[in-house]
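Asker: Below you'll find target_19.cif; it's mmCIF, C-alpha atoms.
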data_work
#
loop_
_atom_site.label_atom_id
_atom_site.label_comp_id
_atom_site.auth_asym_id
_atom_site.auth_seq_id
_atom_site.Cartn_x
_atom_site.Cartn_y
_atom_site.Cartn_z
CA MET A 23 -37.93 25.41 -12.85
CA THR A 24 -34.80 26.40 -10.91
CA SER A 25 -32.19 28.55 -12.60
CA THR A 26 -28.53 27.57 -12.99
CA THR A 27 -27.58 30.21 -10.42
CA GLU A 28 -29.99 28.72 -7.90
CA GLN A 29 -28.57 25.26 -8.56
CA PHE A 30 -25.05 26.56 -7.87
CA ALA A 31 -26.25 28.25 -4.69
CA ASP A 32 -27.70 24.96 -3.44
CA VAL A 33 -24.45 23.13 -4.16
CA ALA A 34 -22.30 25.86 -2.61
CA ALA A 35 -24.29 25.83 0.63
CA THR A 36 -22.23 22.93 1.94
CA THR A 37 -22.99 21.30 5.29
CA LEU A 38 -19.38 20.15 5.80
CA LEU A 39 -16.71 22.09 7.68
CA ARG A 40 -13.11 20.95 7.85
CA PHE A 41 -11.22 22.52 10.74
CA ALA A 42 -7.96 22.03 12.61
CA THR A 43 -6.86 22.78 16.14
CA ALA A 44 -3.43 24.21 16.95
CA GLY A 45 -1.64 25.68 19.91
CA SER A 46 1.31 25.23 22.21
CA VAL A 47 1.94 22.25 24.48
CA ASP A 48 -0.57 21.97 27.35
CA ASP A 49 -2.80 24.74 26.01
CA GLY A 50 -5.67 22.23 26.07
CA LYS A 51 -6.27 21.29 22.43
CA SER A 52 -7.18 17.67 23.07
CA THR A 53 -9.34 18.66 26.04
CA LEU A 54 -11.20 21.17 23.87
CA VAL A 55 -11.79 18.54 21.19
CA GLY A 56 -12.92 16.04 23.81
CA ARG A 57 -15.28 18.63 25.31
CA LEU A 58 -16.73 19.40 21.86
CA LEU A 59 -17.35 15.72 21.20
CA HIS A 60 -18.72 15.03 24.69
CA ASP A 61 -21.03 18.02 25.05
CA SER A 62 -22.36 17.71 21.49
CA LYS A 63 -23.30 14.09 22.26
CA SER A 64 -20.88 12.77 19.63
CA VAL A 65 -19.17 10.20 21.88
CA LEU A 66 -20.30 6.56 21.90
CA ALA A 67 -21.11 5.04 25.28
CA ASP A 68 -18.28 2.48 25.14
CA GLN A 69 -15.76 5.22 24.25
CA LEU A 70 -16.82 7.28 27.24
CA GLU A 71 -16.71 4.22 29.52
CA ALA A 72 -13.15 3.50 28.37
CA VAL A 73 -12.08 7.08 29.09
CA GLU A 74 -13.74 6.99 32.51
CA ARG A 75 -12.00 3.70 33.31
CA VAL A 76 -8.54 4.97 32.34
CA SER A 77 -9.12 8.27 34.18
CA ALA A 78 -10.19 6.44 37.34
CA SER A 79 -7.11 4.20 37.19
CA ARG A 80 -5.01 7.37 37.27
CA GLY A 81 -6.83 8.66 40.32
CA GLN A 82 -8.71 11.39 38.47
CA ASP A 83 -12.14 12.36 39.80
CA ALA A 84 -13.57 13.37 36.40
CA PRO A 85 -13.08 11.81 32.95
CA ASP A 86 -10.01 13.13 31.12
CA LEU A 87 -11.69 14.15 27.86
CA ALA A 88 -8.31 14.59 26.15
CA LEU A 89 -8.13 10.78 25.97
CA LEU A 90 -10.88 10.85 23.36
CA THR A 91 -8.35 12.15 20.82
CA ASP A 92 -4.92 11.17 22.16
CA GLY A 93 -5.03 7.61 20.86
CA LEU A 94 -1.34 6.72 20.63
CA ARG A 95 0.17 5.02 23.67
CA ALA A 96 3.04 7.52 23.78
CA GLU A 97 0.53 10.38 23.68
CA ARG A 98 -1.35 9.04 26.69
CA GLU A 99 1.82 8.32 28.65
CA GLN A 100 3.32 11.76 28.03
CA GLY A 101 0.06 13.71 28.06
CA ILE A 102 0.83 15.33 24.70
CA THR A 103 -0.37 15.12 21.10
CA ILE A 104 2.20 13.71 18.65
CA ASP A 105 0.34 12.77 15.49
CA VAL A 106 -2.62 14.38 13.73
CA ALA A 107 -5.84 12.83 15.05
CA TYR A 108 -8.87 13.06 12.77
CA ARG A 109 -12.34 12.96 14.22
CA TYR A 110 -15.71 13.03 12.49
CA PHE A 111 -18.86 14.30 14.16
CA ALA A 112 -22.06 16.09 13.30
CA THR A 113 -24.74 18.30 14.77
CA ALA A 114 -28.19 19.09 13.42
CA ARG A 115 -26.73 22.05 11.51
CA ARG A 116 -23.46 20.79 10.04
CA ARG A 117 -21.04 17.89 9.60
CA PHE A 118 -17.43 18.26 10.74
CA ILE A 119 -14.02 16.78 9.95
CA LEU A 120 -11.66 17.78 12.73
CA ALA A 121 -7.85 17.53 12.74
CA ASP A 122 -6.30 17.73 16.22
CA THR A 123 -2.69 18.73 15.50
CA PRO A 124 0.41 18.62 17.75
CA GLY A 125 1.76 21.65 19.58
CA HIS A 126 5.47 20.84 19.83
CA VAL A 127 7.87 22.79 17.61
CA GLN A 128 9.31 19.55 16.19
CA TYR A 129 5.82 18.56 14.98
CA THR A 130 5.18 21.72 12.95
CA ARG A 131 5.02 19.54 9.82
CA ASN A 132 2.10 17.64 11.34
CA MET A 133 0.24 20.91 11.86
CA VAL A 134 0.83 21.73 8.20
CA THR A 135 -0.68 18.37 7.24
CA GLY A 136 -3.79 18.92 9.36
CA ALA A 137 -4.37 22.52 8.28
CA SER A 138 -3.67 22.06 4.56
CA THR A 139 -7.30 21.20 3.77
CA ALA A 140 -8.94 23.14 6.61
CA ASP A 141 -11.56 25.83 6.13
CA LEU A 142 -10.94 27.05 9.67
CA ALA A 143 -8.18 26.83 12.28
CA VAL A 144 -8.75 27.01 16.04
CA VAL A 145 -5.60 28.38 17.69
CA LEU A 146 -5.59 27.86 21.45
CA VAL A 147 -3.82 30.13 23.92
CA ASP A 148 -3.35 29.57 27.65
CA ALA A 149 -4.86 32.66 29.28
CA ARG A 150 -2.06 32.62 31.87
CA ASN A 151 0.69 32.76 29.24
CA GLY A 152 -0.84 34.85 26.47
CA VAL A 153 0.53 34.94 22.93
CA ILE A 154 3.84 33.07 22.87
CA GLU A 155 6.31 32.04 20.17
CA GLN A 156 4.41 28.87 19.23
CA THR A 157 1.16 30.84 18.96
CA ARG A 158 2.76 33.15 16.40
CA ARG A 159 4.21 30.13 14.59
CA HIS A 160 0.80 28.51 14.22
CA ALA A 161 -0.78 31.78 13.09
CA ALA A 162 1.92 32.08 10.44
CA VAL A 163 1.35 28.52 9.22
CA ALA A 164 -2.39 29.18 8.98
CA ALA A 165 -1.67 32.32 6.95
CA LEU A 166 0.76 30.48 4.67
CA LEU A 167 -1.83 27.78 4.01
CA ARG A 168 -4.47 30.46 3.29
CA VAL A 169 -6.87 29.14 5.92
CA PRO A 170 -9.77 31.59 5.47
CA HIS A 171 -11.07 31.60 9.08
CA VAL A 172 -9.08 31.59 12.33
CA VAL A 173 -10.58 31.27 15.80
CA LEU A 174 -8.50 32.39 18.78
CA ALA A 175 -9.68 30.29 21.73
CA VAL A 176 -8.32 31.83 24.91
CA ASN A 177 -8.42 28.76 27.14
CA LYS A 178 -8.17 28.22 30.91
CA MET A 179 -10.09 31.39 31.69
CA ASP A 180 -11.10 29.71 34.97
CA LEU A 181 -7.48 29.93 36.09
CA VAL A 182 -7.39 33.74 35.65
CA GLY A 183 -10.66 34.41 37.41
CA TYR A 184 -12.59 34.84 34.12
CA GLU A 185 -11.11 38.35 33.86
CA GLU A 186 -12.26 40.30 30.78
CA GLN A 187 -9.07 42.41 30.70
CA VAL A 188 -6.90 39.29 30.38
CA PHE A 189 -8.93 38.08 27.41
CA ALA A 190 -9.06 41.51 25.75
CA LYS A 191 -5.27 41.97 25.91
CA ILE A 192 -4.55 38.56 24.37
CA ALA A 193 -7.22 38.99 21.68
CA GLU A 194 -5.87 42.40 20.68
CA GLU A 195 -2.26 41.18 20.41
CA PHE A 196 -3.12 38.07 18.40
CA THR A 197 -5.53 39.87 16.08
CA ALA A 198 -2.92 42.49 15.22
CA TYR A 199 -0.29 39.83 14.46
CA ALA A 200 -2.59 37.59 12.39
CA SER A 201 -4.01 40.57 10.49
CA ASP A 202 -0.48 41.62 9.49
CA LEU A 203 -0.03 38.12 8.05
CA GLY A 204 -3.13 38.54 5.90
CA VAL A 205 -5.54 36.27 7.77
CA PRO A 206 -8.91 37.53 6.47
CA GLU A 207 -11.13 36.70 9.46
CA ILE A 208 -10.24 36.31 13.13
CA THR A 209 -12.75 35.50 15.89
CA ALA A 210 -11.67 35.50 19.56
CA ILE A 211 -13.62 33.41 22.11
CA PRO A 212 -12.84 33.10 25.86
CA ILE A 213 -13.25 29.48 27.01
CA SER A 214 -12.50 26.90 29.65
CA ALA A 215 -12.28 23.54 27.91
CA LEU A 216 -11.98 21.70 31.22
CA ALA A 217 -15.08 23.29 32.73
CA GLY A 218 -16.99 23.59 29.45
CA ASP A 219 -17.34 27.39 29.45
CA ASN A 220 -18.25 28.75 25.98
CA VAL A 221 -17.34 25.50 24.21
CA VAL A 222 -20.82 24.14 23.52
CA GLU A 223 -22.85 25.94 26.18
CA PRO A 224 -22.53 29.66 27.08
CA SER A 225 -20.54 30.39 30.23
CA ALA A 226 -22.29 31.55 33.38
CA HIS A 227 -19.01 33.07 34.57
CA MET A 228 -18.38 35.49 31.68
CA ASP A 229 -21.49 37.63 31.29
CA TRP A 230 -19.27 40.33 29.78
CA TYR A 231 -18.87 38.16 26.65
CA GLY A 232 -21.76 38.32 24.21
CA GLY A 233 -20.34 36.39 21.27
CA PRO A 234 -20.92 32.81 20.10
CA THR A 235 -19.64 29.65 21.73
CA VAL A 236 -17.03 27.65 19.84
CA LEU A 237 -19.63 25.21 18.51
CA GLU A 238 -22.04 28.00 17.53
CA HIS A 239 -19.29 29.65 15.51
CA LEU A 240 -18.30 26.36 13.88
CA GLU A 241 -21.94 25.73 12.93
CA THR A 242 -22.50 29.17 11.41
CA VAL A 243 -19.19 30.29 9.90
CA PRO A 244 -19.62 30.65 6.11
CA VAL A 245 -17.48 28.20 4.15
CA SER A 246 -19.29 28.22 0.83
CA HIS A 247 -17.88 29.80 -2.30
CA ASP A 248 -19.42 30.66 -5.62
CA LEU A 249 -18.51 27.78 -7.93
CA THR A 250 -19.42 29.87 -10.98
CA ALA A 251 -16.62 32.31 -10.15
CA CYS A 252 -13.89 29.64 -10.05
CA PRO A 253 -12.00 28.73 -13.23
CA ALA A 254 -12.64 25.09 -14.10
CA ARG A 255 -9.77 22.68 -13.61
CA PHE A 256 -10.09 19.00 -14.53
CA PRO A 257 -7.01 16.82 -13.93
CA VAL A 258 -7.28 13.65 -15.99
CA GLN A 259 -6.88 10.55 -13.85
CA TYR A 260 -7.76 7.76 -16.26
CA VAL A 261 -8.50 7.30 -19.96
CA ILE A 262 -11.55 5.10 -20.63
CA ARG A 263 -11.34 3.32 -23.99
CA PRO A 264 -13.46 0.13 -23.85
CA GLN A 265 -13.29 -0.70 -27.59
CA THR A 266 -16.23 -3.10 -27.27
CA ALA A 267 -18.98 -3.92 -29.73
CA GLU A 268 -21.35 -1.79 -27.66
CA HIS A 269 -18.92 1.15 -27.40
CA PRO A 270 -16.50 0.83 -30.34
CA ASP A 271 -15.52 4.51 -30.51
CA TYR A 272 -15.98 5.63 -26.89
CA ARG A 273 -13.10 7.70 -25.53
CA GLY A 274 -13.60 9.37 -22.17
CA TYR A 275 -11.32 11.10 -19.68
CA ALA A 276 -12.16 10.33 -16.05
CA GLY A 277 -11.24 12.30 -12.96
CA GLN A 278 -12.44 14.62 -10.22
CA ILE A 279 -13.18 18.27 -11.02
CA ALA A 280 -10.74 20.24 -8.89
CA SER A 281 -12.57 23.55 -9.18
CA GLY A 282 -15.19 25.41 -11.17
CA VAL A 283 -17.83 24.19 -13.59
CA LEU A 284 -17.69 22.20 -16.84
CA ARG A 285 -20.40 22.53 -19.50
CA VAL A 286 -21.16 20.58 -22.67
CA GLY A 287 -20.28 22.72 -25.70
CA GLU A 288 -17.55 24.66 -23.88
CA ALA A 289 -14.24 25.26 -25.65
CA VAL A 290 -11.38 23.73 -23.65
CA THR A 291 -7.61 23.48 -23.79
CA VAL A 292 -5.62 20.38 -22.84
CA LEU A 293 -2.46 21.25 -20.92
CA PRO A 294 0.48 21.14 -21.11
CA SER A 295 0.19 20.30 -24.83
CA GLY A 296 -2.04 23.32 -25.58
CA ARG A 297 -4.33 21.37 -27.91
CA THR A 298 -7.91 22.62 -28.06
CA SER A 299 -11.31 20.99 -28.45
CA VAL A 300 -14.91 21.26 -27.28
CA ILE A 301 -16.65 19.24 -24.57
CA ALA A 302 -18.93 16.87 -26.46
CA GLY A 303 -20.38 15.14 -23.42
CA ILE A 304 -20.11 14.65 -19.66
CA ASP A 305 -20.95 11.34 -17.99
CA ALA A 306 -21.68 11.24 -14.26
CA LEU A 307 -23.00 8.28 -12.27
CA GLY A 308 -23.83 6.33 -15.40
CA ARG A 309 -25.80 9.02 -17.20
CA SER A 310 -25.09 11.97 -19.46
CA VAL A 311 -25.35 15.47 -17.99
CA ASP A 312 -25.01 18.93 -19.48
CA ILE A 313 -23.13 20.45 -16.55
CA ALA A 314 -20.86 19.28 -13.71
CA TRP A 315 -19.02 21.05 -10.91
CA ALA A 316 -16.35 20.51 -8.26
CA PRO A 317 -15.81 18.16 -6.51
CA GLN A 318 -17.80 15.75 -8.70
CA SER A 319 -16.07 12.77 -10.29
CA VAL A 320 -17.04 12.58 -13.97
CA THR A 321 -15.95 11.39 -17.39
CA VAL A 322 -15.45 14.07 -20.04
CA ARG A 323 -15.75 13.36 -23.76
CA LEU A 324 -14.19 15.71 -26.31
CA ALA A 325 -15.32 16.43 -29.86
CA ASP A 326 -11.84 15.83 -31.31
CA ASP A 327 -9.45 12.89 -31.03
CA VAL A 328 -6.71 14.87 -29.32
CA ASP A 329 -3.91 13.16 -27.41
CA VAL A 330 -4.95 13.22 -23.74
CA SER A 331 -3.46 11.04 -21.02
CA ARG A 332 -3.25 10.75 -17.24
CA GLY A 333 -1.73 13.88 -15.73
CA ASP A 334 -3.05 16.26 -18.37
CA LEU A 335 -5.28 19.12 -17.27
CA ILE A 336 -8.46 20.15 -19.12
CA ALA A 337 -9.39 23.81 -18.60
CA PRO A 338 -11.57 26.42 -20.33
CA SER A 339 -9.80 27.97 -23.31
CA ALA A 340 -11.00 31.37 -22.06
CA ASN A 341 -9.21 31.00 -18.71
CA PRO A 342 -6.45 28.38 -18.67
CA PRO A 343 -3.67 28.28 -16.06
CA ALA A 344 -0.15 29.22 -17.13
CA THR A 345 2.31 26.43 -17.84
CA THR A 346 5.84 26.64 -16.53
CA GLN A 347 8.99 24.65 -15.95
CA ASP A 348 10.23 27.10 -13.30
CA VAL A 349 8.15 26.55 -10.17
CA ILE A 350 8.66 29.30 -7.60
CA ALA A 351 7.00 28.34 -4.34
CA THR A 352 7.01 28.14 -0.58
CA VAL A 353 7.55 24.64 0.80
CA CYS A 354 7.28 23.06 4.22
CA HIS A 355 9.91 20.35 4.56
CA VAL A 356 8.36 17.27 6.18
CA ALA A 357 11.07 14.60 5.80
CA ASP A 358 13.91 13.84 8.20
CA GLN A 359 16.45 13.98 5.38
CA PRO A 360 17.42 17.52 4.27
CA LEU A 361 16.34 19.09 0.98
CA ALA A 362 19.42 20.61 -0.62
CA VAL A 363 20.14 22.70 -3.71
CA GLY A 364 20.76 20.33 -6.61
CA ALA A 365 18.55 17.58 -5.23
CA ARG A 366 16.76 15.50 -7.85
CA VAL A 367 13.12 15.02 -6.94
CA LEU A 368 9.73 14.14 -8.32
CA ILE A 369 7.04 16.80 -8.21
CA LYS A 370 3.47 15.54 -7.92
CA HIS A 371 0.84 18.07 -8.95
CA THR A 372 -2.76 16.83 -9.06
CA THR A 373 -2.54 13.62 -11.15
CA ARG A 374 0.74 14.54 -12.87
CA THR A 375 4.18 13.46 -11.64
CA VAL A 376 7.34 14.74 -13.36
CA LYS A 377 11.08 14.75 -12.72
CA ALA A 378 12.55 17.92 -11.31
CA ILE A 379 15.63 19.41 -9.70
CA VAL A 380 15.91 21.95 -6.87
CA LYS A 381 17.70 24.88 -8.52
CA GLU A 382 17.66 27.37 -5.65
CA ILE A 383 16.62 27.80 -2.04
CA PRO A 384 16.59 31.61 -1.84
CA SER A 385 15.49 31.84 1.79
CA ARG A 386 14.31 30.06 4.90
CA LEU A 387 11.49 31.62 6.90
CA THR A 388 11.89 32.24 10.62
CA LEU A 389 8.30 31.96 11.81
CA ASP A 390 9.02 33.59 15.16
CA ASP A 391 9.52 37.06 13.66
CA LEU A 392 8.82 36.36 9.94
CA SER A 393 12.40 37.26 9.01
CA GLN A 394 14.08 35.65 5.99
CA HIS A 395 17.36 33.77 6.34
CA PRO A 396 18.94 34.12 2.87
CA ASP A 397 20.54 31.25 0.95
CA PRO A 398 20.37 28.56 3.64
CA GLY A 399 21.60 25.91 1.18
CA GLN A 400 19.18 23.33 2.50
CA LEU A 401 15.95 22.85 4.42
CA VAL A 402 15.62 20.38 7.28
CA ALA A 403 12.55 18.86 8.94
CA ASN A 404 9.89 21.47 9.83
CA ASP A 405 11.66 24.26 7.91
CA ILE A 406 9.58 26.52 5.68
CA GLY A 407 11.38 28.21 2.83
CA ARG A 408 11.24 29.58 -0.68
CA VAL A 409 12.44 27.30 -3.48
CA VAL A 410 12.91 27.38 -7.23
CA VAL A 411 12.31 23.99 -8.85
CA ARG A 412 12.97 23.26 -12.52
CA THR A 413 10.76 20.52 -13.97
CA ALA A 414 11.59 18.22 -16.88
CA GLU A 415 8.15 18.84 -18.38
CA PRO A 416 5.79 21.85 -18.16
CA LEU A 417 3.23 22.00 -15.36
CA ALA A 418 -0.13 23.77 -15.53
CA LEU A 419 0.05 25.42 -12.12
CA ASP A 420 -2.23 27.99 -10.50
CA ALA A 421 -1.08 30.26 -7.70
CA TYR A 422 -1.90 28.75 -4.32
CA ALA A 423 -3.67 32.01 -3.40
CA ASP A 424 -6.11 31.36 -6.26
CA SER A 425 -6.55 27.62 -5.79
CA ARG A 426 -5.40 25.53 -2.84
CA ARG A 427 -6.01 22.41 -4.95
CA THR A 428 -4.22 23.20 -8.21
CA GLY A 429 -1.69 25.53 -6.58
CA SER A 430 -0.26 22.88 -4.27
CA PHE A 431 2.16 20.06 -4.93
CA LEU A 432 4.43 17.50 -3.27
CA LEU A 433 8.16 16.98 -3.65
CA ILE A 434 8.97 13.26 -3.54
CA ASP A 435 12.22 11.29 -3.23
CA PRO A 436 12.51 9.35 -6.50
CA ALA A 437 14.55 6.61 -4.81
CA ASP A 438 12.00 5.41 -2.26
CA GLY A 439 8.85 7.48 -2.76
CA THR A 440 9.21 9.39 0.52
CA THR A 441 7.36 12.70 0.66
CA LEU A 442 9.98 15.41 1.15
CA ALA A 443 8.02 18.67 1.16
CA ALA A 444 4.57 20.16 0.69
CA GLY A 445 4.61 23.12 -1.70
CA MET A 446 2.48 26.19 -2.33
CA ALA A 447 3.06 27.97 -5.63
CA GLY A 448 3.27 31.74 -5.80
CA GLU A 449 3.53 34.35 -3.06
CA SER A 450 3.94 33.41 0.60
CA PHE A 451 1.66 35.65 2.64
CA ALA A 452 -1.38 37.50 1.37
CA SER A 453 -0.28 40.86 2.76
CA GLN A 454 3.45 40.74 2.03
CA ALA A 455 4.95 41.08 -1.45
CA ARG A 456 7.96 38.88 -2.12
CA THR A 457 10.76 39.54 -4.57
CA THR A 458 10.44 37.35 -7.64
CA VAL A 459 13.37 34.97 -7.97
CA GLN A 460 14.54 34.09 -11.45
CA ALA A 461 15.60 30.50 -12.08
CA ASP A 462 19.11 29.92 -13.32
CA ASP A 463 19.16 27.96 -16.57
CA GLU A 464 22.92 27.44 -16.48
CA GLY A 465 23.95 23.84 -16.00
CA TRP A 466 20.49 22.43 -16.62
CA ASP A 467 20.78 18.89 -17.95
CA PHE A 468 17.23 17.70 -18.69
#
Is it possible to express this structure as structure tokens?
Answerer:
Amino acid sequence: MTSTTEQFADVAATTLLRFATAGSVDDGKSTLVGRLLHDSKSVLADQLEAVERVSASRGQDAPDLALLTDGLRAEREQGITIDVAYRYFATARRRFILADTPGHVQYTRNMVTGASTADLAVVLVDARNGVIEQTRRHAAVAALLRVPHVVLAVNKMDLVGYEEQVFAKIAEEFTAYASDLGVPEITAIPISALAGDNVVEPSAHMDWYGGPTVLEHLETVPVSHDLTACPARFPVQYVIRPQTAEHPDYRGYAGQIASGVLRVGEAVTVLPSGRTSVIAGIDALGRSVDIAWAPQSVTVRLADDVDVSRGDLIAPSANPPATTQDVIATVCHVADQPLAVGARVLIKHTTRTVKAIVKEIPSRLTLDDLSQHPDPGQLVANDIGRVVVRTAEPLALDAYADSRRTGSFLLIDPADGTTLAAGMAGESFASQARTTVQADDEGWDF
């Protein structure tokens, strides 16, 4: 009989890797993605025929593999990536969800979207240009989003004669910058996406490089985590109360476990009310189980008839998150309309949506040199800044550094439902302490 620890180890050994590509314009992101798909035999025959046909009509001798991801008409006409393109492929060792993100400065918000759920980010650099402003910007965004693994892909090595010194200089500069931001793991790989060097197959032109290819690294990078070490968080999505002859007294709380493990008999607290109970039962896939873990969707039954509704959070009484009405966070503004001090918004956190007001915008981050512009008054599209938001009702919020799921939130325009900003509660960068900003209660009218 397998132990509980062994069961957790089997679950944690996931075969899925979510990763995002980033880099400046014309660094070759879409070509790299196309090469990955093509050389790993993940392209359907009709897709390849379509790419070959379009490439031939343009007078190109070889298929333009970037067309496999640049699907928008404007992207193909301009030869750039505008929107986030998601691709799904698999090898014998692992399944992948890939987000090919834009490189232009004005599309920084799209890169945030693609990297927000990524386990790994591939940052491309043109070997001829080295680390530039946009490279540092994307490294900073990856650090802000706590992406645990970053790959520096030094592309177009064929255009610099496959020189080891060129690669070494770029790798050293980028590694130093990303390490200062708190990125925990950085792997540098010299490649030529156009020629296929070190993408799927090892390069015959760079015998001085003894590391993995891009695909080898993607297949072997560890992305599992110990579920037993994560505090359980269960946002309630729906209350099941059939009140039928067969189930006259059934009351269950359905949702997806955001993190950790739930066990029958465990003492839990319902937040934000603070009421306590014990898990009397867990129903999953039509049967009762004694234990469930993230990211399973289950129905939890409690021993007491406490008041629980959509948006509440069930957590272990031994380790509940703190509740607060003063949310101090870093946000990336994604809407065209500015976010100003005094703006009335909705804040959506897991399954809970409450009214809120922007009390302060203490600073706006300049990603080029990581300097802080104090009291900007407002944030515009693609800005990243610190905010203090006062909510009408308490939120059970973890720090984003502890949980990317329960430490993140959205700011929404209450008038039309437009997403205004993506937020990350707590400190900005892992390696840099930030001054705590106290919210101002004066003038509050909720």
Asker: Return as number ranges by chain the set of residues that the PyMOL selection byres ((chain A and resi 141) around 6) yields on the displayed structure.
Answerer: A: 40-41, 140, 142, 169
Asker: I'd like to know which of A:Ser430, A:Ser339, A:Gln259, A:Thr266 is closest to Val290 in chain A, using all atoms listed in the file.
Answerer: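 Residue with the minimum atom-to-atom distance to Val290 in chain A: A:Ser339.
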Asker: Check the smallest atom-to-atom distance from each of A:Glu155, A:Asp334, A:Glu195, A:Asp61 to Ser46 in chain A using only C-alpha atoms, then report the winner.
Answerer: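 For Ser46 in chain A, the nearest of the candidates is A:Glu155.
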Asker: Pull out every residue that the PyMOL selection byres ((chain A and resi 37) around 9) matches in the shown coordinates and put them as a list in words.
Answerer: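 What the PyMOL selection byres ((chain A and resi 37) around 9) grabs from the file is Ala35, Thr36, Leu38, Leu39, Arg115, Arg116, Arg117, Phe118, Glu241 and Val245 of chain A.
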Asker: Pull the closest atom pair for each residue of range 380-427 of chain A that gets at most 12 Å from range 268-287 of chain A, along with the distance in Å to one decimal, counting all atoms listed in the file, ordering rows by chain and then ascending residue number, as CSV.
Answerer:
residue,atom,partner,partner_atom,distance
A:Asp420,CA,A:Ser281,CA,11.3
A:Asp424,CA,A:Ser281,CA,10.5
A:Ser425,CA,A:Ser281,CA,8.0
A:Arg426,CA,A:Ala280,CA,9.6
A:Arg427,CA,A:Ala280,CA,6.5
Asker: Write the residues of the selection above to a file with C-alpha atoms, as a short mmCIF file (atom, residue, chain, number, x, y, z; two decimals), in the frame of the given file.
Answerer:
data_model
loop_
_atom_site.label_atom_id
_atom_site.label_comp_id
_atom_site.auth_asym_id
_atom_site.auth_seq_id
_atom_site.Cartn_x
_atom_site.Cartn_y
_atom_site.Cartn_z
CA ASP A 420 -2.23 27.99 -10.50
CA ASP A 424 -6.11 31.36 -6.26
CA SER A 425 -6.55 27.62 -5.79
CA ARG A 426 -5.40 25.53 -2.84
CA ARG A 427 -6.01 22.41 -4.95
#
Asker: Could you expand the PyMOL selection byres ((chain A and resi 421) around 8) into the explicit residues it covers here, written as a PyMOL selection string?
Answerer: chain A and resi 419-420+422-425+428-429+446-449
Asker: Would you list the contacts of Val311 in chain A as a ChimeraX atom specification, taking every protein, DNA or RNA residue within 10 Å and counting only C-alpha atoms, but skipping same-chain residues closer than 5 positions in sequence?
Answerer: /A:285-286,303-306,320
Asker: Quick one: of A:Tyr231, A:Phe431, A:Tyr110, A:Trp315, who's nearest to Pro212 in chain A, counting all atoms listed in the file?
Answerer: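 Residue with the minimum atom-to-atom distance to Pro212 in chain A: A:Tyr231.
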Asker: Determine, counting only C-alpha atoms, which protein, DNA and RNA residues have an atom within 6 Å of an atom of range 205-207 of chain A; residues of the same chain fewer than 4 positions away are not included. Present the result as an MDAnalysis selection string.
Answerer: chainID A and resid 165 171 200:201
Asker: As an mmCIF file with C-alpha atoms, in the coordinates of the input, please: the residues near Asp397 in chain A (cut-off 7 Å, all atoms listed in the file, same-chain neighbours under 3 positions excluded).
Answerer:
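And here's around-v9.cif as it stands now:
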data_model
loop_
_atom_site.group_PDB
_atom_site.id
_atom_site.type_symbol
_atom_site.label_atom_id
_atom_site.label_comp_id
_atom_site.auth_asym_id
_atom_site.auth_seq_id
_atom_site.Cartn_x
_atom_site.Cartn_y
_atom_site.Cartn_z
ATOM 1 C CA ILE A 383 16.620 27.800 -2.040
ATOM 2 C CA PRO A 384 16.590 31.610 -1.840
ATOM 3 C CA SER A 385 15.490 31.840 1.790
#
Asker: With all atoms listed in the file as the basis for distance, which of A:Pro253, A:Gly56, A:Gly183, A:Pro360 is at the shortest distance from Asp122 in chain A?
Answerer: A:Gly56
Asker: Output as a Markdown table one row per residue of range 176-282 of chain A within 12 Å of range 144-153 of chain A: the closest atom pair and its distance in Å to one decimal place, counting all atoms listed in the file, sorted by chain and residue number ascending.
Answerer:
| residue | atom | partner | partner_atom | distance |
| --- | --- | --- | --- | --- |
| A:Val176 | CA | A:Val147 | CA | 4.9 |
| A:Asn177 | CA | A:Asp148 | CA | 5.2 |
| A:Lys178 | CA | A:Ala149 | CA | 5.8 |
| A:Met179 | CA | A:Ala149 | CA | 5.9 |
| A:Asp180 | CA | A:Ala149 | CA | 8.9 |
| A:Leu181 | CA | A:Arg150 | CA | 7.4 |
| A:Val182 | CA | A:Arg150 | CA | 6.6 |
| A:Gly183 | CA | A:Ala149 | CA | 10.1 |
| A:Tyr184 | CA | A:Ala149 | CA | 9.4 |
| A:Glu185 | CA | A:Ala149 | CA | 9.6 |
| A:Glu186 | CA | A:Ala149 | CA | 10.7 |
| A:Gln187 | CA | A:Ala149 | CA | 10.7 |
| A:Val188 | CA | A:Ala149 | CA | 7.0 |
| A:Phe189 | CA | A:Ala149 | CA | 7.0 |
| A:Ala190 | CA | A:Ala149 | CA | 10.4 |
| A:Lys191 | CA | A:Gly152 | CA | 8.4 |
| A:Ile192 | CA | A:Gly152 | CA | 5.7 |
| A:Ala193 | CA | A:Val153 | CA | 8.8 |
| A:Glu194 | CA | A:Val153 | CA | 10.1 |
| A:Glu195 | CA | A:Val153 | CA | 7.3 |
| A:Phe196 | CA | A:Val153 | CA | 6.6 |
| A:Thr197 | CA | A:Val153 | CA | 10.4 |
| A:Ala198 | CA | A:Val153 | CA | 11.3 |
| A:Tyr199 | CA | A:Val153 | CA | 9.8 |
| A:Ala200 | CA | A:Val145 | CA | 11.0 |
| A:Glu207 | CA | A:Val144 | CA | 12.0 |
| A:Ile208 | CA | A:Val144 | CA | 9.9 |
| A:Thr209 | CA | A:Val144 | CA | 9.4 |
| A:Ala210 | CA | A:Val145 | CA | 9.5 |
| A:Ile211 | CA | A:Leu146 | CA | 9.8 |
| A:Pro212 | CA | A:Ala149 | CA | 8.7 |
| A:Ile213 | CA | A:Ala149 | CA | 9.3 |
| A:Ser214 | CA | A:Ala149 | CA | 9.6 |
| A:Ala215 | CA | A:Leu146 | CA | 10.3 |
| A:Val221 | CA | A:Val144 | CA | 12.0 |
| A:Val236 | CA | A:Val144 | CA | 9.1 |
| A:Leu237 | CA | A:Val144 | CA | 11.3 |
| A:His239 | CA | A:Val144 | CA | 10.9 |
| A:Leu240 | CA | A:Val144 | CA | 9.8 |
